[in-house]
Every structure is written in structure tokens, then in C-alpha cells.
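Asks: Provided below: input.csv, containing CSV, C-alpha atoms.
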```
chain,number,residue,atom,x,y,z
A,25,MET,CA,-14.8,-22.0,-14.5
A,26,LYS,CA,-11.8,-20.9,-16.6
A,27,LEU,CA,-9.2,-23.5,-17.6
A,28,PHE,CA,-5.5,-22.7,-17.7
A,29,LEU,CA,-2.8,-25.1,-19.0
A,30,ASP,CA,0.0,-25.8,-16.5
A,31,SER,CA,2.8,-26.1,-19.0
A,32,ALA,CA,5.7,-24.3,-20.6
A,33,ASN,CA,5.7,-26.5,-23.7
A,34,LEU,CA,4.7,-24.6,-26.8
A,35,GLU,CA,3.4,-27.7,-28.6
A,36,GLU,CA,1.1,-28.6,-25.7
A,37,ILE,CA,-0.1,-25.0,-25.4
A,38,ARG,CA,-0.7,-24.7,-29.1
A,39,GLU,CA,-2.7,-28.0,-29.2
A,40,VAL,CA,-5.0,-27.1,-26.3
A,41,ALA,CA,-5.5,-23.6,-27.7
A,42,SER,CA,-6.8,-25.2,-30.9
A,43,TRP,CA,-9.6,-27.0,-28.9
A,44,GLY,CA,-11.1,-23.6,-28.0
A,45,VAL,CA,-10.9,-24.1,-24.3
A,46,LEU,CA,-7.7,-22.4,-23.2
A,47,ASP,CA,-8.2,-19.4,-20.9
A,48,GLY,CA,-4.6,-18.9,-19.8
A,49,VAL,CA,-1.3,-20.6,-18.9
A,50,THR,CA,0.8,-21.1,-15.8
A,51,THR,CA,4.5,-21.8,-15.8
A,52,ASN,CA,7.0,-22.4,-13.1
A,53,PRO,CA,10.8,-22.7,-13.0
A,54,SER,CA,10.6,-26.5,-13.1
A,55,LEU,CA,8.5,-26.5,-16.2
A,56,CYS,CA,10.6,-23.8,-17.9
A,57,SER,CA,13.8,-25.7,-17.2
A,58,LYS,CA,12.6,-28.6,-19.5
A,59,GLU,CA,12.3,-26.3,-22.6
A,60,SER,CA,15.2,-25.7,-25.0
A,61,VAL,CA,14.6,-21.9,-25.5
A,62,THR,CA,15.5,-19.0,-23.2
A,63,PHE,CA,13.0,-18.2,-20.4
A,64,GLU,CA,12.0,-14.8,-21.8
A,65,ASP,CA,11.6,-16.1,-25.4
A,66,ASN,CA,9.5,-19.0,-24.1
A,67,ILE,CA,7.2,-16.7,-22.1
A,68,ARG,CA,6.9,-14.3,-25.1
A,69,ALA,CA,5.9,-17.2,-27.4
A,70,ILE,CA,3.4,-18.5,-24.9
A,71,CYS,CA,1.8,-15.1,-24.5
A,72,ALA,CA,1.3,-15.0,-28.3
A,73,LEU,CA,-0.7,-18.2,-28.1
A,74,THR,CA,-3.3,-17.1,-25.7
A,75,PRO,CA,-4.8,-13.7,-24.9
A,76,GLY,CA,-5.4,-14.9,-21.3
A,77,PRO,CA,-3.0,-14.5,-18.4
A,78,VAL,CA,0.4,-16.2,-18.5
A,79,SER,CA,2.1,-16.7,-15.2
A,80,ALA,CA,5.8,-16.2,-15.1
A,81,GLU,CA,7.5,-16.8,-11.7
A,82,CYS,CA,10.0,-14.6,-9.9
A,83,VAL,CA,13.0,-16.3,-8.3
A,84,SER,CA,14.2,-13.3,-6.2
A,85,LEU,CA,13.6,-13.6,-2.4
A,86,GLU,CA,13.7,-10.0,-1.2
A,87,ALA,CA,10.8,-7.6,-1.8
A,88,ASP,CA,12.8,-4.9,-3.6
A,89,GLU,CA,14.5,-7.5,-5.8
A,90,ILE,CA,11.1,-9.2,-6.6
A,91,VAL,CA,9.6,-5.9,-7.7
A,92,VAL,CA,12.5,-5.2,-10.1
A,93,GLU,CA,12.4,-8.7,-11.5
A,94,ALA,CA,8.6,-8.5,-11.8
A,95,ARG,CA,8.7,-5.3,-13.7
A,96,SER,CA,11.1,-6.9,-16.2
A,97,LEU,CA,8.9,-9.9,-16.7
A,98,ALA,CA,5.8,-7.7,-17.1
A,99,ARG,CA,7.5,-5.9,-20.0
A,100,ILE,CA,7.6,-9.2,-22.0
A,101,ALA,CA,3.9,-9.0,-22.9
A,102,PRO,CA,0.8,-7.3,-21.6
A,103,ASN,CA,-0.8,-10.5,-20.5
A,104,VAL,CA,2.0,-11.6,-18.2
A,105,ALA,CA,1.0,-12.3,-14.6
A,106,ILE,CA,3.8,-12.4,-12.0
A,107,LYS,CA,4.0,-15.5,-9.9
A,108,ILE,CA,5.3,-14.9,-6.4
A,109,PRO,CA,5.5,-17.5,-3.6
A,110,ILE,CA,3.5,-16.5,-0.4
A,111,GLY,CA,5.6,-15.0,2.3
A,112,VAL,CA,6.3,-11.7,4.0
A,113,GLU,CA,8.6,-10.5,1.2
A,114,GLY,CA,6.2,-11.7,-1.4
A,115,LEU,CA,3.3,-9.8,0.3
A,116,LYS,CA,5.4,-6.6,0.3
A,117,ALA,CA,6.2,-7.0,-3.3
A,118,THR,CA,2.6,-7.8,-4.2
A,119,LYS,CA,1.4,-4.6,-2.6
A,120,ALA,CA,3.9,-2.5,-4.6
A,121,LEU,CA,3.2,-4.3,-7.9
A,122,HIS,CA,-0.6,-4.0,-7.4
A,123,ALA,CA,-0.2,-0.3,-7.0
A,124,GLU,CA,1.6,-0.3,-10.3
A,125,GLY,CA,-1.2,-2.2,-12.0
A,126,ILE,CA,0.9,-5.4,-12.4
A,127,ALA,CA,-1.1,-8.7,-11.9
A,128,VAL,CA,0.3,-11.1,-9.3
A,129,ASN,CA,-0.4,-14.8,-9.0
A,130,MET,CA,0.5,-15.6,-5.4
A,131,THR,CA,1.6,-19.2,-5.4
A,132,LEU,CA,2.5,-22.1,-3.1
A,133,VAL,CA,-0.6,-21.3,-1.0
A,134,PHE,CA,-1.4,-24.1,1.6
A,135,SER,CA,-3.8,-22.3,4.0
A,136,THR,CA,-6.8,-20.0,4.0
A,137,GLY,CA,-4.9,-17.5,6.1
A,138,GLN,CA,-2.2,-17.3,3.4
A,139,ALA,CA,-4.9,-16.8,0.7
A,140,LEU,CA,-6.6,-14.1,2.7
A,141,LEU,CA,-3.4,-12.2,3.2
A,142,ALA,CA,-2.5,-12.5,-0.5
A,143,ALA,CA,-5.9,-11.1,-1.5
A,144,LYS,CA,-5.6,-8.2,1.0
A,145,ALA,CA,-2.1,-7.3,-0.4
A,146,GLY,CA,-3.6,-7.0,-3.9
A,147,ALA,CA,-2.9,-10.4,-5.6
A,148,ARG,CA,-5.1,-10.9,-8.7
A,149,PHE,CA,-4.9,-14.7,-8.2
A,150,VAL,CA,-4.1,-17.1,-5.4
A,151,SER,CA,-3.0,-20.6,-6.2
A,152,PRO,CA,-3.7,-23.3,-3.5
A,153,PHE,CA,-1.7,-26.5,-4.3
A,154,ILE,CA,-4.3,-29.2,-3.7
A,155,GLY,CA,-2.3,-32.2,-5.0
A,156,ARG,CA,0.6,-31.5,-2.6
A,157,LEU,CA,-1.8,-31.4,0.3
A,158,ASP,CA,-3.4,-34.6,-0.8
A,159,ASP,CA,0.1,-36.2,-0.9
A,160,ILE,CA,0.5,-35.6,2.9
A,161,ALA,CA,-3.0,-36.9,3.7
A,162,GLU,CA,-4.6,-33.4,4.0
A,163,ASP,CA,-7.8,-32.5,2.1
A,164,GLY,CA,-6.8,-30.1,-0.7
A,165,MET,CA,-10.4,-29.6,-1.8
A,166,ALA,CA,-11.5,-28.7,1.7
A,167,LEU,CA,-9.0,-25.8,1.5
A,168,VAL,CA,-10.4,-24.7,-1.9
A,169,GLU,CA,-13.9,-24.7,-0.5
A,170,GLU,CA,-12.9,-22.6,2.5
A,171,ILE,CA,-11.0,-20.1,0.5
A,172,VAL,CA,-13.9,-19.7,-2.0
A,173,GLN,CA,-16.3,-19.2,0.9
A,174,VAL,CA,-14.1,-16.5,2.6
A,175,PHE,CA,-13.6,-14.6,-0.7
A,176,GLU,CA,-17.4,-14.7,-1.3
A,177,ASN,CA,-18.1,-13.5,2.2
A,178,TYR,CA,-16.2,-10.3,1.7
A,179,ARG,CA,-16.6,-10.0,-2.1
A,180,LEU,CA,-12.8,-10.1,-2.7
A,181,GLU,CA,-11.9,-9.7,-6.3
A,182,THR,CA,-8.9,-12.1,-6.1
A,183,GLU,CA,-9.5,-15.2,-8.2
A,184,VAL,CA,-8.8,-18.7,-6.9
A,185,ILE,CA,-6.6,-20.9,-9.2
A,186,VAL,CA,-6.8,-24.5,-8.2
A,187,ALA,CA,-3.2,-25.7,-8.8
A,188,SER,CA,-1.2,-28.9,-8.4
A,189,VAL,CA,-4.0,-30.8,-10.2
A,190,ARG,CA,-3.3,-34.5,-10.5
A,191,HIS,CA,-6.4,-36.0,-12.1
A,192,PRO,CA,-9.7,-35.1,-13.8
A,193,ARG,CA,-11.7,-35.4,-10.5
A,194,HIS,CA,-9.7,-32.5,-9.1
A,195,VAL,CA,-10.9,-30.3,-12.0
A,196,ILE,CA,-14.6,-31.4,-11.6
A,197,ASP,CA,-14.4,-30.8,-7.8
A,198,ALA,CA,-12.9,-27.4,-8.3
A,199,ALA,CA,-15.7,-26.5,-10.7
A,200,ARG,CA,-18.3,-27.9,-8.2
A,201,LEU,CA,-16.9,-25.8,-5.4
A,202,GLY,CA,-17.0,-22.6,-7.4
A,203,ALA,CA,-13.3,-22.0,-7.9
A,204,ASP,CA,-12.6,-19.4,-10.6
A,205,ILE,CA,-9.9,-21.3,-12.4
A,206,ALA,CA,-8.2,-24.7,-12.5
A,207,THR,CA,-4.7,-24.9,-14.0
A,208,VAL,CA,-4.3,-28.3,-15.5
A,209,PRO,CA,-1.4,-30.3,-16.8
A,210,TYR,CA,-1.6,-31.4,-20.5
A,211,GLY,CA,-2.0,-35.1,-19.5
A,212,VAL,CA,-5.0,-34.4,-17.3
A,213,MET,CA,-6.5,-32.0,-19.9
A,214,ALA,CA,-6.4,-34.8,-22.4
A,215,LYS,CA,-8.1,-37.2,-20.0
A,216,LEU,CA,-10.9,-34.8,-19.5
A,217,VAL,CA,-11.8,-35.2,-23.2
A,218,ARG,CA,-11.9,-38.9,-23.2
A,219,HIS,CA,-14.4,-41.4,-21.8
A,220,PRO,CA,-14.4,-45.2,-22.6
A,221,LEU,CA,-18.1,-45.2,-23.3
A,222,THR,CA,-17.6,-42.4,-25.9
A,223,ASP,CA,-14.9,-44.5,-27.6
A,224,ILE,CA,-17.2,-47.5,-27.6
A,225,GLY,CA,-20.1,-45.5,-29.0
A,226,VAL,CA,-18.0,-44.1,-31.8
A,227,GLU,CA,-16.7,-47.6,-32.7
A,228,ARG,CA,-20.3,-49.0,-32.8
A,229,PHE,CA,-21.6,-46.1,-34.9
A,230,LEU,CA,-18.8,-46.6,-37.4
A,231,ALA,CA,-19.3,-50.4,-37.5
A,232,ASP,CA,-23.1,-49.8,-38.2
A,233,TRP,CA,-22.3,-47.2,-40.8
A,234,ARG,CA,-20.2,-49.6,-42.7
A,235,LYS,CA,-23.4,-51.8,-43.0
A,236,VAL,CA,-25.5,-49.0,-44.4
A,237,LYS,CA,-26.4,-49.4,-48.1
A,238,LYS,CA,-25.0,-46.5,-50.1
```
Step by step, read the file and then write its structure as C-alpha cells.
Replies:
Amino acid sequence: MKLFLDSANLEEIREVASWGVLDGVTTNPSLCSKESVTFEDNIRAICALTPGPVSAECVSLEADEIVVEARSLARIAPNVAIKIPIGVEGLKATKALHAEGIAVNMTLVFSTGQALLAAKAGARFVSPFIGRLDDIAEDGMALVEEIVQVFENYRLETEVIVASVRHPRHVIDAARLGADIATVPYGVMAKLVRHPLTDIGVERFLADWRKVKK
């Protein structure tokens, strides 16, 4: 399973890239609003930190306007993927962009039907938001499992990005279910590295090493 970082912060992205585990980055307007640089400069800098896909979200609402905005974003760097919320206008735009060879990440997916339509329209990625479903007492991982099964049934090339990840268990469950990608906040990525027994083990080894005669 590929791991994307869900962040627009260059320091976070640079740090995770240095671990050798970064396959791509997803951003959104909320994340970008927290940064001090312009949107385009930020996306350009992120694209320079990873050769993998970098999702940049359109904010237009009509299909024709989405396409124009998406073309502009795609010119920033060759690894930009255009993030578009699922909806009728988004599907129309996705069809047009797919025909032009522009990668689309269809976001805010909350049902298998939405994911299937996105794939048929030509989206390269679909992003089911599991954490937000969990928040309203629905089973986010059950949705991921269903989407993965449907895509496998028909050998659809669209990749499933598990999004709205809240904790390490979400990442492990996504991998167990065969999702293509999990996009993970920096805080959760850092938790994946750590385990209390690892910390205890290191402390014990170092304590014993200090007793070794040199």
C-alpha cells in the first residue's frame, strides 16, 4: 500500500520524505489556508519534494469552470493531480479532464455508488472519507472494503485513497483490506513509527551497553 501525507506544510513533507516512505501528498483548501506562501507556490514546492502525485483541489462549482481551473493547476507541475468533490458537475469535469490526460482525485466520497461513478467517469483516484463516517456512527472501513471489492470485480484502474485518517489503526485496516493508498496526517504518520515496547527495548539495550567493558 502506498502512503501519502495529508499536509500542505513543507517542513512536515520534507521530514516524511527523508524517511523514505513518502509516495505522494494530498492537500485541501483548509490545509493550504494555514500556510504563509501563495497557493501555487506551495503546490510547486510540494511537487519538488516528491515525484509522486500531489493533489491540489479545485474550488469552482460548474463543470466548465472546474476544467479551466484544473488545467491551470495541472500546469504547475507534471505530478499534480486535480482534486474535485464528487457531484454531477465534478463528474462532467472529470470526464473532460480524463480525455486530456489530467489525473483526477475525486474527493468527499461517502458511498460505493459515488466511487463507482467516479471511476467510470475516469478518475485516477477516489477518496472515501472514513473518519467523517466514523464520526456519525457509520462504518468507514466497511465502505472501503466494499469499494475495493467492486473495483476488483470489474478490474477498474481507479485507485482507492483512504482519507480522513484519524489514527494508526485506520492505516493498518486500510492495508489489510487492500486499499491502494492511505493519505495520513503527519501526527498519525509519526505514531506509526513509535511503539512503547520499542522505546523500552532501546532504553534497556543502551543501559546494558553502558555496563559493557570497553
Asks: Determine, counting all atoms listed in the file, which protein, DNA and RNA residues have an atom within 12 Å of an atom of Gly111 in chain A; residues of the same chain fewer than 4 positions away are not included. Present the result as a list in words.
Replies: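 Listed by chain and then number, they are Leu85, Glu86, Ala87, Ile90, Leu115, Lys116, Ala117, Thr118, Met130, Thr131, Leu132, Val133, Phe134, Gly137, Gln138, Ala139, Leu141, Ala142 and Ala145 of chain A.
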Asks: Return the single residue from A:Val92, A:Tyr210, A:Ile205, A:Ile154 that is closest to Val189 in chain A, with distances computed using all atoms listed in the file.
Replies: A:Ile154
Asks: Which residues are close to Gly48 in chain A, i.e. within 9 Å by only C-alpha atoms, leaving aside same-chain residues fewer than 2 positions away? Reply as a short mmCIF file (atom, residue, chain, number, x, y, z; two decimals) with C-alpha atoms, keeping the file's coordinate frame.
Replies:
```
data_model
loop_
_atom_site.label_atom_id
_atom_site.label_comp_id
_atom_site.auth_asym_id
_atom_site.auth_seq_id
_atom_site.Cartn_x
_atom_site.Cartn_y
_atom_site.Cartn_z
CA LYS A 26 -11.80 -20.90 -16.60
CA LEU A 27 -9.20 -23.50 -17.60
CA PHE A 28 -5.50 -22.70 -17.70
CA LEU A 29 -2.80 -25.10 -19.00
CA ASP A 30 0.00 -25.80 -16.50
CA LEU A 46 -7.70 -22.40 -23.20
CA THR A 50 0.80 -21.10 -15.80
CA CYS A 71 1.80 -15.10 -24.50
CA THR A 74 -3.30 -17.10 -25.70
CA PRO A 75 -4.80 -13.70 -24.90
CA GLY A 76 -5.40 -14.90 -21.30
CA PRO A 77 -3.00 -14.50 -18.40
CA VAL A 78 0.40 -16.20 -18.50
CA SER A 79 2.10 -16.70 -15.20
CA THR A 207 -4.70 -24.90 -14.00
#
```
Asks: Using all atoms listed in the file, which residue out of A:Gly211, A:Pro220, A:Pro152, A:Gly202 lies closest to Ser188 in chain A?
Replies: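 Of A:Gly211, A:Pro220, A:Pro152, A:Gly202, the one nearest Ser188 in chain A is A:Pro152, counting all atoms listed in the file.
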Asks: Restricting the calculation to only C-alpha atoms, which member of A:Leu34, A:Ile171, A:Cys82, A:Glu93 is positioned closest to Ile70 in chain A?
Replies: A:Leu34
Asks: Write out as a PyMOL selection string the residues lying within 12 Å of Ala214 in chain A, counting all atoms listed in the file and excluding same-chain residues fewer than 3 positions away.
Replies: chain A and resi 29+36+39-40+43+45+191-192+208-211+217-219
Asks: Skip Glu169 in chain A itself and residues of its chain fewer than 2 positions away, then list as a VMD selection string all residues within 10 Å of it, counting all atoms listed in the file.
Replies: chain A and resid 136 164 to 167 171 to 174 197 to 198 200 to 203
Asks: Write out as a PyMOL selection string the residues lying within 8 Å of Leu73 in chain A, counting all atoms listed in the file and excluding same-chain residues fewer than 3 positions away.
Replies: chain A and resi 37-38+41+69-70
Asks: Rank nothing, just name the residue among A:Lys215, A:Arg193, A:Arg156, A:Lys144 nearest to Glu181 in chain A, using all atoms listed in the file.
Replies: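 Under the stated criterion, the closest residue is A:Lys144.
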Asks: Name the closest residue to Glu81 in chain A among the candidates A:Gly155, A:Gly44, A:Gly225, A:Pro109; distances are taken between atoms, counting only C-alpha atoms.
Replies: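 Smallest distance to Glu81 in chain A is found for A:Pro109.
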Asks: I need the residue nearest Ile108 in chain A from this list: A:Val168, A:Val150, A:Ile67, A:Ala72. Use all atoms listed in the file for the distance.
Replies: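 Among A:Val168, A:Val150, A:Ile67, A:Ala72, it is A:Val150 that comes nearest to Ile108 in chain A.
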Asks: Record the distance separating CA of Arg148 in chain A and CA of Ala105 in chain A, expressed in Å with one decimal.
Replies: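 Atom-to-atom, CA of Arg148 in chain A and CA of Ala105 in chain A are spaced 8.6 Å apart.
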Asks: Between CA of Val104 in chain A and CA of Asp158 in chain A, what is the distance, to one decimal in Å?
Replies: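 Interatomic distance, CA of Val104 in chain A to CA of Asp158 in chain A: 29.3 Å.
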Asks: CA of Glu64 in chain A and CA of Ala98 in chain A are how many Å apart?
Replies: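 So the answer is 10.5 Å.
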